[in-house]
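S.K.: Here you go, data.pdb (PDB, C-alpha atoms and all ligand atoms):
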```pdb
ATOM      1  CA  MET N   1      13.905 125.471 313.259  1.00  0.00           C
ATOM      2  CA  ILE N   2      12.033 128.430 311.850  1.00  0.00           C
ATOM      3  CA  TYR N   3       9.415 126.391 309.966  1.00  0.00           C
ATOM      4  CA  GLU N   4       8.353 124.628 313.153  1.00  0.00           C
ATOM      5  CA  LYS N   5       7.988 127.941 314.977  1.00  0.00           C
ATOM      6  CA  VAL N   6       6.013 129.481 312.120  1.00  0.00           C
ATOM      7  CA  ALA N   7       3.770 126.394 312.042  1.00  0.00           C
ATOM      8  CA  GLU N   8       3.165 126.714 315.797  1.00  0.00           C
ATOM      9  CA  GLU N   9       2.202 130.372 315.370  1.00  0.00           C
ATOM     10  CA  LEU N  10      -0.244 129.466 312.598  1.00  0.00           C
ATOM     11  CA  ILE N  11      -1.875 126.748 314.678  1.00  0.00           C
ATOM     12  CA  SER N  12      -2.191 128.856 317.822  1.00  0.00           C
ATOM     13  CA  SER N  13      -3.476 132.000 316.096  1.00  0.00           C
ATOM     14  CA  SER N  14      -7.204 132.620 316.010  1.00  0.00           C
ATOM     15  CA  TYR N  15      -7.524 134.779 312.892  1.00  0.00           C
ATOM     16  CA  THR N  16      -4.645 134.441 310.446  1.00  0.00           C
ATOM     17  CA  ILE N  17      -4.654 136.366 307.190  1.00  0.00           C
ATOM     18  CA  ALA N  18      -2.274 136.179 304.239  1.00  0.00           C
ATOM     19  CA  PHE N  19      -1.055 139.201 302.354  1.00  0.00           C
ATOM     20  CA  THR N  20       0.424 138.419 298.946  1.00  0.00           C
ATOM     21  CA  GLY N  21       2.399 140.317 296.326  1.00  0.00           C
ATOM     22  CA  ALA N  22       4.036 139.723 292.967  1.00  0.00           C
ATOM     23  CA  GLY N  23       6.715 137.438 294.464  1.00  0.00           C
ATOM     24  CA  ILE N  24       4.196 134.611 294.917  1.00  0.00           C
ATOM     25  CA  SER N  25       3.554 134.479 291.169  1.00  0.00           C
ATOM     26  CA  THR N  26       7.088 134.740 289.772  1.00  0.00           C
ATOM     27  CA  ALA N  27       7.435 130.927 289.911  1.00  0.00           C
ATOM     28  CA  SER N  28       4.319 130.823 287.693  1.00  0.00           C
ATOM     29  CA  GLY N  29       6.245 132.751 285.069  1.00  0.00           C
ATOM     30  CA  ILE N  30       4.670 136.126 285.821  1.00  0.00           C
ATOM     31  CA  PRO N  31       7.355 138.788 285.986  1.00  0.00           C
ATOM     32  CA  ASP N  32       7.608 140.880 289.106  1.00  0.00           C
ATOM     33  CA  PHE N  33       7.112 144.630 288.638  1.00  0.00           C
ATOM     34  CA  ARG N  34      10.106 145.876 290.522  1.00  0.00           C
ATOM     35  CA  GLY N  35      12.482 142.929 290.731  1.00  0.00           C
ATOM     36  CA  PRO N  36      15.561 142.546 288.542  1.00  0.00           C
ATOM     37  CA  GLN N  37      13.526 140.702 285.858  1.00  0.00           C
ATOM     38  CA  GLY N  38      10.626 143.121 286.298  1.00  0.00           C
ATOM     39  CA  LEU N  39       8.108 143.786 283.544  1.00  0.00           C
ATOM     40  CA  TRP N  40       8.664 147.494 283.851  1.00  0.00           C
ATOM     41  CA  LYS N  41      12.328 147.176 282.967  1.00  0.00           C
ATOM     42  CA  LYS N  42      11.094 146.167 279.497  1.00  0.00           C
ATOM     43  CA  TYR N  43       7.941 148.283 279.194  1.00  0.00           C
ATOM     44  CA  SER N  44       7.223 151.731 280.482  1.00  0.00           C
ATOM     45  CA  PRO N  45       4.728 151.723 283.405  1.00  0.00           C
ATOM     46  CA  GLU N  46       3.070 154.571 281.552  1.00  0.00           C
ATOM     47  CA  LEU N  47       1.549 151.934 279.207  1.00  0.00           C
ATOM     48  CA  ALA N  48      -0.569 150.604 282.083  1.00  0.00           C
ATOM     49  CA  SER N  49      -1.715 154.002 283.323  1.00  0.00           C
ATOM     50  CA  ILE N  50      -5.201 155.482 283.324  1.00  0.00           C
ATOM     51  CA  GLU N  51      -3.864 158.525 281.442  1.00  0.00           C
ATOM     52  CA  TYR N  52      -2.597 156.334 278.599  1.00  0.00           C
ATOM     53  CA  PHE N  53      -5.856 154.331 278.455  1.00  0.00           C
ATOM     54  CA  GLU N  54      -7.850 157.551 278.165  1.00  0.00           C
ATOM     55  CA  LYS N  55      -5.514 159.124 275.622  1.00  0.00           C
ATOM     56  CA  ASP N  56      -4.949 156.096 273.386  1.00  0.00           C
ATOM     57  CA  PRO N  57      -7.211 153.107 274.211  1.00  0.00           C
ATOM     58  CA  LYS N  58      -6.248 151.366 270.964  1.00  0.00           C
ATOM     59  CA  ASN N  59      -2.535 151.173 271.781  1.00  0.00           C
ATOM     60  CA  PHE N  60      -3.282 150.634 275.464  1.00  0.00           C
ATOM     61  CA  TRP N  61      -5.140 147.441 274.533  1.00  0.00           C
ATOM     62  CA  GLY N  62      -2.437 146.517 272.024  1.00  0.00           C
ATOM     63  CA  PHE N  63      -0.026 146.240 274.958  1.00  0.00           C
ATOM     64  CA  TYR N  64      -2.468 145.192 277.658  1.00  0.00           C
ATOM     65  CA  SER N  65      -3.995 142.294 275.712  1.00  0.00           C
ATOM     66  CA  LEU N  66      -0.511 140.736 275.427  1.00  0.00           C
ATOM     67  CA  ARG N  67      -0.038 141.068 279.154  1.00  0.00           C
ATOM     68  CA  MET N  68      -3.512 139.609 279.826  1.00  0.00           C
ATOM     69  CA  ARG N  69      -2.898 136.668 277.505  1.00  0.00           C
ATOM     70  CA  GLY N  70       0.281 135.850 279.439  1.00  0.00           C
ATOM     71  CA  LEU N  71      -1.580 136.026 282.753  1.00  0.00           C
ATOM     72  CA  PHE N  72      -4.371 133.729 281.525  1.00  0.00           C
ATOM     73  CA  GLU N  73      -1.823 131.111 280.454  1.00  0.00           C
ATOM     74  CA  ALA N  74      -0.080 131.130 283.852  1.00  0.00           C
ATOM     75  CA  GLN N  75      -0.777 128.300 286.301  1.00  0.00           C
ATOM     76  CA  PRO N  76      -0.680 128.418 290.113  1.00  0.00           C
ATOM     77  CA  ASN N  77       2.519 127.180 291.769  1.00  0.00           C
ATOM     78  CA  LYS N  78       3.162 125.355 295.061  1.00  0.00           C
ATOM     79  CA  ALA N  79       2.898 128.587 297.040  1.00  0.00           C
ATOM     80  CA  HIS N  80      -0.672 129.266 295.790  1.00  0.00           C
ATOM     81  CA  TYR N  81      -1.683 125.635 296.454  1.00  0.00           C
ATOM     82  CA  SER N  82      -0.184 125.768 299.951  1.00  0.00           C
ATOM     83  CA  LEU N  83      -2.303 128.802 300.827  1.00  0.00           C
ATOM     84  CA  ALA N  84      -5.430 127.109 299.466  1.00  0.00           C
ATOM     85  CA  GLU N  85      -4.549 124.092 301.649  1.00  0.00           C
ATOM     86  CA  LEU N  86      -4.155 126.284 304.760  1.00  0.00           C
ATOM     87  CA  GLU N  87      -7.556 127.835 304.040  1.00  0.00           C
ATOM     88  CA  LYS N  88      -9.137 124.363 303.773  1.00  0.00           C
ATOM     89  CA  MET N  89      -7.534 123.435 307.100  1.00  0.00           C
ATOM     90  CA  GLY N  90      -9.282 126.456 308.611  1.00  0.00           C
ATOM     91  CA  ILE N  91      -6.021 128.238 309.412  1.00  0.00           C
ATOM     92  CA  ILE N  92      -6.029 131.074 306.893  1.00  0.00           C
ATOM     93  CA  LYS N  93      -9.280 133.026 306.908  1.00  0.00           C
ATOM     94  CA  VAL N  94      -8.687 135.589 304.172  1.00  0.00           C
ATOM     95  CA  ILE N  95      -6.085 136.287 301.496  1.00  0.00           C
ATOM     96  CA  ILE N  96      -5.529 139.939 300.682  1.00  0.00           C
ATOM     97  CA  THR N  97      -3.611 140.199 297.422  1.00  0.00           C
ATOM     98  CA  GLN N  98      -1.914 142.885 295.372  1.00  0.00           C
ATOM     99  CA  ASN N  99      -1.979 140.562 292.358  1.00  0.00           C
ATOM    100  CA  ILE N 100      -4.453 140.701 289.471  1.00  0.00           C
ATOM    101  CA  ASP N 101      -3.609 137.265 288.027  1.00  0.00           C
ATOM    102  CA  GLY N 102      -6.419 135.265 289.684  1.00  0.00           C
ATOM    103  CA  LEU N 103      -4.003 132.435 290.572  1.00  0.00           C
ATOM    104  CA  HIS N 104      -5.216 132.155 294.180  1.00  0.00           C
ATOM    105  CA  GLN N 105      -8.711 131.326 292.949  1.00  0.00           C
ATOM    106  CA  LYS N 106      -7.307 128.984 290.285  1.00  0.00           C
ATOM    107  CA  ALA N 107      -5.482 127.136 293.096  1.00  0.00           C
ATOM    108  CA  GLY N 108      -8.745 126.772 295.037  1.00  0.00           C
ATOM    109  CA  SER N 109      -8.695 129.669 297.511  1.00  0.00           C
ATOM    110  CA  LYS N 110     -12.191 131.013 298.220  1.00  0.00           C
ATOM    111  CA  ASN N 111     -11.810 134.083 300.384  1.00  0.00           C
ATOM    112  CA  VAL N 112      -9.691 136.497 298.355  1.00  0.00           C
ATOM    113  CA  ILE N 113      -9.700 140.290 298.452  1.00  0.00           C
ATOM    114  CA  GLU N 114      -8.062 141.822 295.371  1.00  0.00           C
ATOM    115  CA  LEU N 115      -6.642 145.275 296.109  1.00  0.00           C
ATOM    116  CA  HIS N 116      -5.707 145.862 292.471  1.00  0.00           C
ATOM    117  CA  GLY N 117      -8.778 144.282 290.891  1.00  0.00           C
ATOM    118  CA  THR N 118      -8.652 141.299 288.563  1.00  0.00           C
ATOM    119  CA  MET N 119      -7.590 140.915 284.971  1.00  0.00           C
ATOM    120  CA  ARG N 120     -10.150 138.127 284.572  1.00  0.00           C
ATOM    121  CA  ARG N 121     -12.917 140.717 284.308  1.00  0.00           C
ATOM    122  CA  SER N 122     -13.386 143.837 282.174  1.00  0.00           C
ATOM    123  CA  TYR N 123     -16.148 146.423 282.002  1.00  0.00           C
ATOM    124  CA  CYS N 124     -17.623 149.150 279.796  1.00  0.00           C
ATOM    125  CA  VAL N 125     -16.662 152.627 280.946  1.00  0.00           C
ATOM    126  CA  LEU N 126     -20.068 154.020 279.890  1.00  0.00           C
ATOM    127  CA  CYS N 127     -22.740 151.539 281.077  1.00  0.00           C
ATOM    128  CA  LEU N 128     -20.482 149.529 283.453  1.00  0.00           C
ATOM    129  CA  ARG N 129     -21.605 146.209 281.943  1.00  0.00           C
ATOM    130  CA  THR N 130     -19.032 143.548 282.882  1.00  0.00           C
ATOM    131  CA  TYR N 131     -17.297 141.187 280.479  1.00  0.00           C
ATOM    132  CA  ASP N 132     -15.231 138.060 280.891  1.00  0.00           C
ATOM    133  CA  SER N 133     -11.785 139.232 279.778  1.00  0.00           C
ATOM    134  CA  LEU N 134     -11.372 136.088 277.654  1.00  0.00           C
ATOM    135  CA  ASN N 135     -14.290 137.341 275.517  1.00  0.00           C
ATOM    136  CA  VAL N 136     -12.660 140.766 275.311  1.00  0.00           C
ATOM    137  CA  LEU N 137      -9.434 139.131 274.132  1.00  0.00           C
ATOM    138  CA  SER N 138     -11.305 137.350 271.339  1.00  0.00           C
ATOM    139  CA  MET N 139     -12.938 140.651 270.300  1.00  0.00           C
ATOM    140  CA  ILE N 140      -9.433 142.106 270.024  1.00  0.00           C
ATOM    141  CA  GLU N 141      -8.200 139.105 268.034  1.00  0.00           C
ATOM    142  CA  LYS N 142     -11.036 139.711 265.564  1.00  0.00           C
ATOM    143  CA  GLY N 143      -9.675 143.218 265.064  1.00  0.00           C
ATOM    144  CA  ASN N 144     -12.006 145.170 267.366  1.00  0.00           C
ATOM    145  CA  LEU N 145      -9.440 147.563 268.774  1.00  0.00           C
ATOM    146  CA  PRO N 146     -10.206 149.133 271.146  1.00  0.00           C
ATOM    147  CA  PRO N 147     -12.902 146.634 272.193  1.00  0.00           C
ATOM    148  CA  ARG N 148     -16.328 148.253 272.487  1.00  0.00           C
ATOM    149  CA  CYS N 149     -19.522 147.441 274.370  1.00  0.00           C
ATOM    150  CA  ASP N 150     -22.894 147.112 272.552  1.00  0.00           C
ATOM    151  CA  CYS N 151     -23.661 150.614 273.879  1.00  0.00           C
ATOM    152  CA  GLY N 152     -20.602 152.005 272.073  1.00  0.00           C
ATOM    153  CA  GLY N 153     -18.546 152.570 275.220  1.00  0.00           C
ATOM    154  CA  ILE N 154     -14.933 151.455 275.365  1.00  0.00           C
ATOM    155  CA  ILE N 155     -14.210 148.380 277.471  1.00  0.00           C
ATOM    156  CA  ARG N 156     -11.418 148.453 280.039  1.00  0.00           C
ATOM    157  CA  PRO N 157      -9.849 145.816 282.311  1.00  0.00           C
ATOM    158  CA  ASP N 158     -11.230 145.750 285.879  1.00  0.00           C
ATOM    159  CA  VAL N 159      -7.771 146.349 287.300  1.00  0.00           C
ATOM    160  CA  VAL N 160      -6.251 149.270 289.123  1.00  0.00           C
ATOM    161  CA  LEU N 161      -4.147 151.124 286.556  1.00  0.00           C
ATOM    162  CA  PHE N 162      -1.251 153.376 287.497  1.00  0.00           C
ATOM    163  CA  GLY N 163      -2.751 156.646 288.650  1.00  0.00           C
ATOM    164  CA  GLU N 164      -5.857 155.013 290.177  1.00  0.00           C
ATOM    165  CA  PRO N 165      -6.619 154.287 293.855  1.00  0.00           C
ATOM    166  CA  VAL N 166      -6.588 150.705 295.176  1.00  0.00           C
ATOM    167  CA  LYS N 167      -9.902 148.846 295.630  1.00  0.00           C
ATOM    168  CA  ASN N 168     -11.457 147.293 298.753  1.00  0.00           C
ATOM    169  CA  ILE N 169      -8.953 148.937 301.086  1.00  0.00           C
ATOM    170  CA  TYR N 170     -11.511 149.606 303.856  1.00  0.00           C
ATOM    171  CA  GLU N 171     -12.705 146.008 303.820  1.00  0.00           C
ATOM    172  CA  ALA N 172      -9.079 144.823 303.864  1.00  0.00           C
ATOM    173  CA  LEU N 173      -8.174 147.129 306.743  1.00  0.00           C
ATOM    174  CA  SER N 174     -11.183 146.052 308.812  1.00  0.00           C
ATOM    175  CA  ILE N 175     -10.085 142.434 308.366  1.00  0.00           C
ATOM    176  CA  ALA N 176      -6.525 143.348 309.358  1.00  0.00           C
ATOM    177  CA  TYR N 177      -7.991 145.050 312.425  1.00  0.00           C
ATOM    178  CA  GLU N 178      -9.482 141.712 313.569  1.00  0.00           C
ATOM    179  CA  SER N 179      -6.426 139.626 312.756  1.00  0.00           C
ATOM    180  CA  ASP N 180      -3.875 138.370 315.273  1.00  0.00           C
ATOM    181  CA  LEU N 181      -1.410 137.003 312.703  1.00  0.00           C
ATOM    182  CA  VAL N 182      -0.519 138.123 309.199  1.00  0.00           C
ATOM    183  CA  ILE N 183       1.779 136.225 306.895  1.00  0.00           C
ATOM    184  CA  SER N 184       3.173 138.476 304.177  1.00  0.00           C
ATOM    185  CA  ILE N 185       4.229 136.515 301.105  1.00  0.00           C
ATOM    186  CA  GLY N 186       6.293 137.795 298.198  1.00  0.00           C
ATOM    187  CA  SER N 187       5.522 141.465 298.760  1.00  0.00           C
ATOM    188  CA  SER N 188       8.185 144.165 298.823  1.00  0.00           C
ATOM    189  CA  LEU N 189       5.877 145.958 301.329  1.00  0.00           C
ATOM    190  CA  THR N 190       6.832 149.285 299.818  1.00  0.00           C
ATOM    191  CA  VAL N 191       3.522 150.247 298.204  1.00  0.00           C
ATOM    192  CA  TYR N 192       1.194 152.465 300.176  1.00  0.00           C
ATOM    193  CA  PRO N 193      -1.590 151.850 301.219  1.00  0.00           C
ATOM    194  CA  ALA N 194      -1.213 148.074 300.835  1.00  0.00           C
ATOM    195  CA  ASN N 195       1.615 147.945 303.384  1.00  0.00           C
ATOM    196  CA  LEU N 196      -0.875 149.292 305.930  1.00  0.00           C
ATOM    197  CA  ILE N 197      -2.350 145.774 306.179  1.00  0.00           C
ATOM    198  CA  PRO N 198       0.616 144.154 307.984  1.00  0.00           C
ATOM    199  CA  GLN N 199       1.264 147.364 309.913  1.00  0.00           C
ATOM    200  CA  THR N 200      -2.321 147.400 311.188  1.00  0.00           C
ATOM    201  CA  VAL N 201      -2.065 143.822 312.465  1.00  0.00           C
ATOM    202  CA  LYS N 202       1.146 144.696 314.329  1.00  0.00           C
ATOM    203  CA  GLU N 203      -0.285 147.884 315.808  1.00  0.00           C
ATOM    204  CA  ARG N 204      -3.242 145.878 317.129  1.00  0.00           C
ATOM    205  CA  GLY N 205      -0.845 143.551 318.963  1.00  0.00           C
ATOM    206  CA  GLY N 206      -0.771 140.748 316.382  1.00  0.00           C
ATOM    207  CA  LYS N 207       2.236 139.055 314.855  1.00  0.00           C
ATOM    208  CA  LEU N 208       3.898 139.420 311.461  1.00  0.00           C
ATOM    209  CA  ILE N 209       5.652 136.701 309.470  1.00  0.00           C
ATOM    210  CA  ILE N 210       7.458 137.826 306.300  1.00  0.00           C
ATOM    211  CA  LEU N 211       8.307 135.379 303.520  1.00  0.00           C
ATOM    212  CA  ASN N 212      10.281 137.324 300.937  1.00  0.00           C
ATOM    213  CA  MET N 213      13.589 137.025 299.119  1.00  0.00           C
ATOM    214  CA  GLU N 214      14.570 140.666 299.551  1.00  0.00           C
ATOM    215  CA  GLU N 215      14.617 142.934 302.581  1.00  0.00           C
ATOM    216  CA  THR N 216      11.476 144.962 303.229  1.00  0.00           C
ATOM    217  CA  PRO N 217      10.859 148.210 305.135  1.00  0.00           C
ATOM    218  CA  LEU N 218       8.812 146.207 307.691  1.00  0.00           C
ATOM    219  CA  ASP N 219      11.557 143.674 308.519  1.00  0.00           C
ATOM    220  CA  SER N 220      12.333 145.584 311.724  1.00  0.00           C
ATOM    221  CA  ILE N 221       8.820 144.936 313.112  1.00  0.00           C
ATOM    222  CA  ALA N 222       8.509 141.330 311.850  1.00  0.00           C
ATOM    223  CA  ASP N 223       8.387 138.422 314.321  1.00  0.00           C
ATOM    224  CA  TYR N 224       9.755 135.937 311.779  1.00  0.00           C
ATOM    225  CA  ILE N 225      11.486 136.431 308.428  1.00  0.00           C
ATOM    226  CA  VAL N 226      12.088 133.619 305.945  1.00  0.00           C
ATOM    227  CA  ARG N 227      14.274 134.376 302.936  1.00  0.00           C
ATOM    228  CA  GLU N 228      13.604 131.484 300.631  1.00  0.00           C
ATOM    229  CA  PRO N 229      11.598 131.309 297.420  1.00  0.00           C
ATOM    230  CA  VAL N 230       7.984 131.180 298.635  1.00  0.00           C
ATOM    231  CA  GLU N 231       7.175 128.150 296.474  1.00  0.00           C
ATOM    232  CA  ILE N 232       9.704 126.325 298.677  1.00  0.00           C
ATOM    233  CA  SER N 233       8.999 127.887 302.085  1.00  0.00           C
ATOM    234  CA  LEU N 234       5.186 127.662 302.029  1.00  0.00           C
ATOM    235  CA  PRO N 235       4.985 123.904 301.309  1.00  0.00           C
ATOM    236  CA  LYS N 236       7.477 123.359 304.166  1.00  0.00           C
ATOM    237  CA  ILE N 237       5.241 125.397 306.473  1.00  0.00           C
ATOM    238  CA  VAL N 238       2.154 123.387 305.452  1.00  0.00           C
ATOM    239  CA  GLU N 239       4.042 120.149 306.053  1.00  0.00           C
ATOM    240  CA  ASN N 240       5.025 121.294 309.549  1.00  0.00           C
ATOM    241  CA  VAL N 241       1.470 122.393 310.327  1.00  0.00           C
ATOM    242  CA  ARG N 242       0.142 119.006 309.233  1.00  0.00           C
ATOM    243  CA  GLN N 243       2.673 117.084 311.334  1.00  0.00           C
ATOM    244  CA  LYS N 244       1.893 119.147 314.423  1.00  0.00           C
ATOM    245  CA  ILE N 245      -1.863 118.769 313.996  1.00  0.00           C
ATOM    246  CA  LEU N 246      -1.533 114.995 313.560  1.00  0.00           C
ATOM    247  CA  SER N 247       0.917 114.483 316.445  1.00  0.00           C
TER     248      SER N 247
HETATM  249 ZN    ZN N 301     -21.674 149.732 277.614  1.00  0.00          ZN
END
```
Could you rewrite the structure in this file as structure tokens?
M.R.:
Amino acid sequence: MIYEKVAEELISSSYTIAFTGAGISTASGIPDFRGPQGLWKKYSPELASIEYFEKDPKNFWGFYSLRMRGLFEAQPNKAHYSLAELEKMGIIKVIITQNIDGLHQKAGSKNVIELHGTMRRSYCVLCLRTYDSLNVLSMIEKGNLPPRCDCGGIIRPDVVLFGEPVKNIYEALSIAYESDLVISIGSSLTVYPANLIPQTVKERGGKLIILNMEETPLDSIADYIVREPVEISLPKIVENVRQKILS
């Protein structure tokens, strides 16, 4: 039984990390970028690019504020709660995520590295003052488009837009370097340099577990692959871990 084996690996590992992608949040109603129901089938990715923000911040925010509103309304699902539970049990040390939705933190996870930033925060491009994005959304609702800082600078979301480099990659890679087990959850593992995280763990002699509905380019180096919706597979894994710890 694969869940028992995965649970055994989690219990016997000394430094397990989780790597999460859009697939963990689809059950929370957040559309995946590249999947069949992907957001970018409906909207052009160009709308979330740094070029578009710089060229037309008013229309950028017209689109982006809708996206942000949807993300703020989303709630964590069983997969997020399962990871928070594994962190509380001392099994998962760090979550490295490609998501900007903040749902790991909403579910109670503490140690989260966000490679693409977070939509919960925004900042002024001139003085770098930070803003809670909820306050920025209310500025926009009052007709301040694009939203501006007291200094006159335009405010932007603290997320990695298309055309920008990922954040915190060196910190993430140094954590991967120390890890002996990585569990990749709902990531297509196609985006460089994020896919370096699981690759690094493998190259250092650690193990890789992939929970994803579709095939990934790293399937050939994975130790275990589970193709079930992650909001179903992760609770089963937690249940198996709990039973083994108690027995
Ligand atoms: Zn400012």
S.K.: Have a look at atom CA of Arg156 of chain N and atom CA of Arg69 of chain N and let me know their distance in Å, one decimal.
M.R.: 14.8 Å
S.K.: Just say which residues the PyMOL selection byres (((chain N and resi 157-173) around 8) and not hetatm) picks in this file, as a PyMOL selection string.
M.R.: chain N and resi 45-46+48-51+96+100+113-123+133+155-156+174-177+193-194+196-197+200
S.K.: Write to file, as a PDB file, in the coordinates of the input, the residues of the selection just made, with C-alpha atoms.
M.R.:
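Saved to result-v5.pdb:
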```pdb
ATOM      1  CA  PRO N  45       4.728 151.723 283.405  1.00  0.00           C
ATOM      2  CA  GLU N  46       3.070 154.571 281.552  1.00  0.00           C
ATOM      3  CA  ALA N  48      -0.569 150.604 282.083  1.00  0.00           C
ATOM      4  CA  SER N  49      -1.715 154.002 283.323  1.00  0.00           C
ATOM      5  CA  ILE N  50      -5.201 155.482 283.324  1.00  0.00           C
ATOM      6  CA  GLU N  51      -3.864 158.525 281.442  1.00  0.00           C
ATOM      7  CA  ILE N  96      -5.529 139.939 300.682  1.00  0.00           C
ATOM      8  CA  ILE N 100      -4.453 140.701 289.471  1.00  0.00           C
ATOM      9  CA  ILE N 113      -9.700 140.290 298.452  1.00  0.00           C
ATOM     10  CA  GLU N 114      -8.062 141.822 295.371  1.00  0.00           C
ATOM     11  CA  LEU N 115      -6.642 145.275 296.109  1.00  0.00           C
ATOM     12  CA  HIS N 116      -5.707 145.862 292.471  1.00  0.00           C
ATOM     13  CA  GLY N 117      -8.778 144.282 290.891  1.00  0.00           C
ATOM     14  CA  THR N 118      -8.652 141.299 288.563  1.00  0.00           C
ATOM     15  CA  MET N 119      -7.590 140.915 284.971  1.00  0.00           C
ATOM     16  CA  ARG N 120     -10.150 138.127 284.572  1.00  0.00           C
ATOM     17  CA  ARG N 121     -12.917 140.717 284.308  1.00  0.00           C
ATOM     18  CA  SER N 122     -13.386 143.837 282.174  1.00  0.00           C
ATOM     19  CA  TYR N 123     -16.148 146.423 282.002  1.00  0.00           C
ATOM     20  CA  SER N 133     -11.785 139.232 279.778  1.00  0.00           C
ATOM     21  CA  ILE N 155     -14.210 148.380 277.471  1.00  0.00           C
ATOM     22  CA  ARG N 156     -11.418 148.453 280.039  1.00  0.00           C
ATOM     23  CA  SER N 174     -11.183 146.052 308.812  1.00  0.00           C
ATOM     24  CA  ILE N 175     -10.085 142.434 308.366  1.00  0.00           C
ATOM     25  CA  ALA N 176      -6.525 143.348 309.358  1.00  0.00           C
ATOM     26  CA  TYR N 177      -7.991 145.050 312.425  1.00  0.00           C
ATOM     27  CA  PRO N 193      -1.590 151.850 301.219  1.00  0.00           C
ATOM     28  CA  ALA N 194      -1.213 148.074 300.835  1.00  0.00           C
ATOM     29  CA  LEU N 196      -0.875 149.292 305.930  1.00  0.00           C
ATOM     30  CA  ILE N 197      -2.350 145.774 306.179  1.00  0.00           C
ATOM     31  CA  THR N 200      -2.321 147.400 311.188  1.00  0.00           C
TER      32      THR N 200
END
```
S.K.: Could you list, with a cut-off of 8 Å and counting all atoms listed in the file, the residues of chain N near ligand ZN 301 (chain N), each shown with its nearest atom pair and the distance in Å rounded to one decimal, rows sorted by chain and ascending number, as CSV?
M.R.:
```
residue,atom,partner,partner_atom,distance
N:Tyr123,CA,N:ZN301,ZN,7.8
N:Cys124,CA,N:ZN301,ZN,4.6
N:Val125,CA,N:ZN301,ZN,6.7
N:Leu126,CA,N:ZN301,ZN,5.1
N:Cys127,CA,N:ZN301,ZN,4.0
N:Leu128,CA,N:ZN301,ZN,6.0
N:Arg129,CA,N:ZN301,ZN,5.6
N:Arg148,CA,N:ZN301,ZN,7.6
N:Cys149,CA,N:ZN301,ZN,4.5
N:Asp150,CA,N:ZN301,ZN,5.8
N:Cys151,CA,N:ZN301,ZN,4.3
N:Gly152,CA,N:ZN301,ZN,6.1
N:Gly153,CA,N:ZN301,ZN,4.9
N:Ile154,CA,N:ZN301,ZN,7.3
N:Ile155,CA,N:ZN301,ZN,7.6
```
S.K.: Determine the residue membership of the PyMOL selection byres (((chain N and resi 94) around 6) and not hetatm) for the file above and supply it as a list in words.
M.R.: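 Evaluating the PyMOL selection byres (((chain N and resi 94) around 6) and not hetatm) on these coordinates yields Ile17, Ile92, Lys93, Ile95, Asn111 and Val112 of chain N.
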S.K.: Nearest to Leu145 of chain N: which of N:Asn240, N:Lys58, N:Glu8, N:Ala27 is it, counting all atoms listed in the file?
M.R.: N:Lys58
S.K.: Could you tell me which of N:Leu181, N:Ile209, N:Leu234, N:Leu71 comes closest to Gly102 of chain N if we count all atoms listed in the file?
M.R.: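 For Gly102 of chain N, the nearest of the given residues is N:Leu71.
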S.K.: Compare N:Pro146, N:Asp132, N:Glu239, N:Ala7 by their minimum atom-to-atom distance to Lys55 of chain N, counting all atoms listed in the file, and give me the closest one.
M.R.: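 So, comparing all the options, the nearest one is N:Pro146.
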S.K.: Give as a list of chain:residue names each residue that has an atom at most 12 Å from (-1.7, 129.2, 317.6) in the file, counting all atoms listed in the file.
M.R.: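 With a cut-off of 12 Å, the residues come to N:Glu4, N:Lys5, N:Val6, N:Ala7, N:Glu8, N:Glu9, N:Leu10, N:Ile11, N:Ser12, N:Ser13, N:Ser14, N:Tyr15, N:Thr16, N:Ile91, N:Ile92, N:Asp180, N:Leu181, N:Gly206, N:Lys207, N:Val241, N:Lys244, N:Ile245.
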S.K.: Quick one: residues within 7 Å of segment 63-68 of chain N, only C-alpha atoms counted, chain neighbours fewer than 4 positions away excluded, as a list in words?
M.R.: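 Non-adjacent residues within range: Asn59, Phe72, Met119 and Leu137 of chain N.
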S.K.: Please indicate the distance in Å from atom CA of Asp223 of chain N to atom CA of Tyr3 of chain N, rounded to one decimal place.
M.R.: 12.8 Å
S.K.: Please compute the atom CA of Ser247 of chain N-atom CA of Ile183 of chain N distance, one decimal, in Å.
M.R.: 23.8 Å
S.K.: Around segment 144-149 of chain N, with edges along x, y and z and 6 Å added on all six sides, what centre and edge lengths do you get, in Å to one decimal, as lines of an AutoDock Vina configuration file?
M.R.:
```
center_x = -14.5
center_y = 147.2
center_z = 270.9
size_x = 22.1
size_y = 16.0
size_z = 19.0
```
S.K.: Which residue is closest to Ala79 of chain N? Choose from N:Ser28, N:Thr130, N:Thr216, N:Asn144 and count all atoms listed in the file.
M.R.: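 Among the listed residues, N:Ser28 lies closest to Ala79 of chain N.
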S.K.: Which of these residues is nearest to Leu86 of chain N, using all atoms listed in the file: N:Ser109, N:Thr26, N:Ser184, N:Gln199?
M.R.: N:Ser109
S.K.: Name the residues that the PyMOL selection byres (((chain N and resi 214) around 9) and not hetatm) picks from the file above, as a PyMOL selection string, using the file's chain letters and numbers.
M.R.: chain N and resi 186+188+212-213+215-216+227
S.K.: Counting all atoms listed in the file, find residues at most 12 Å from (3.4, 124.4, 290.3) (file frame) and give them as a PyMOL selection string.
M.R.: chain N and resi 24-29+74-82+103+106-107+230-232+235
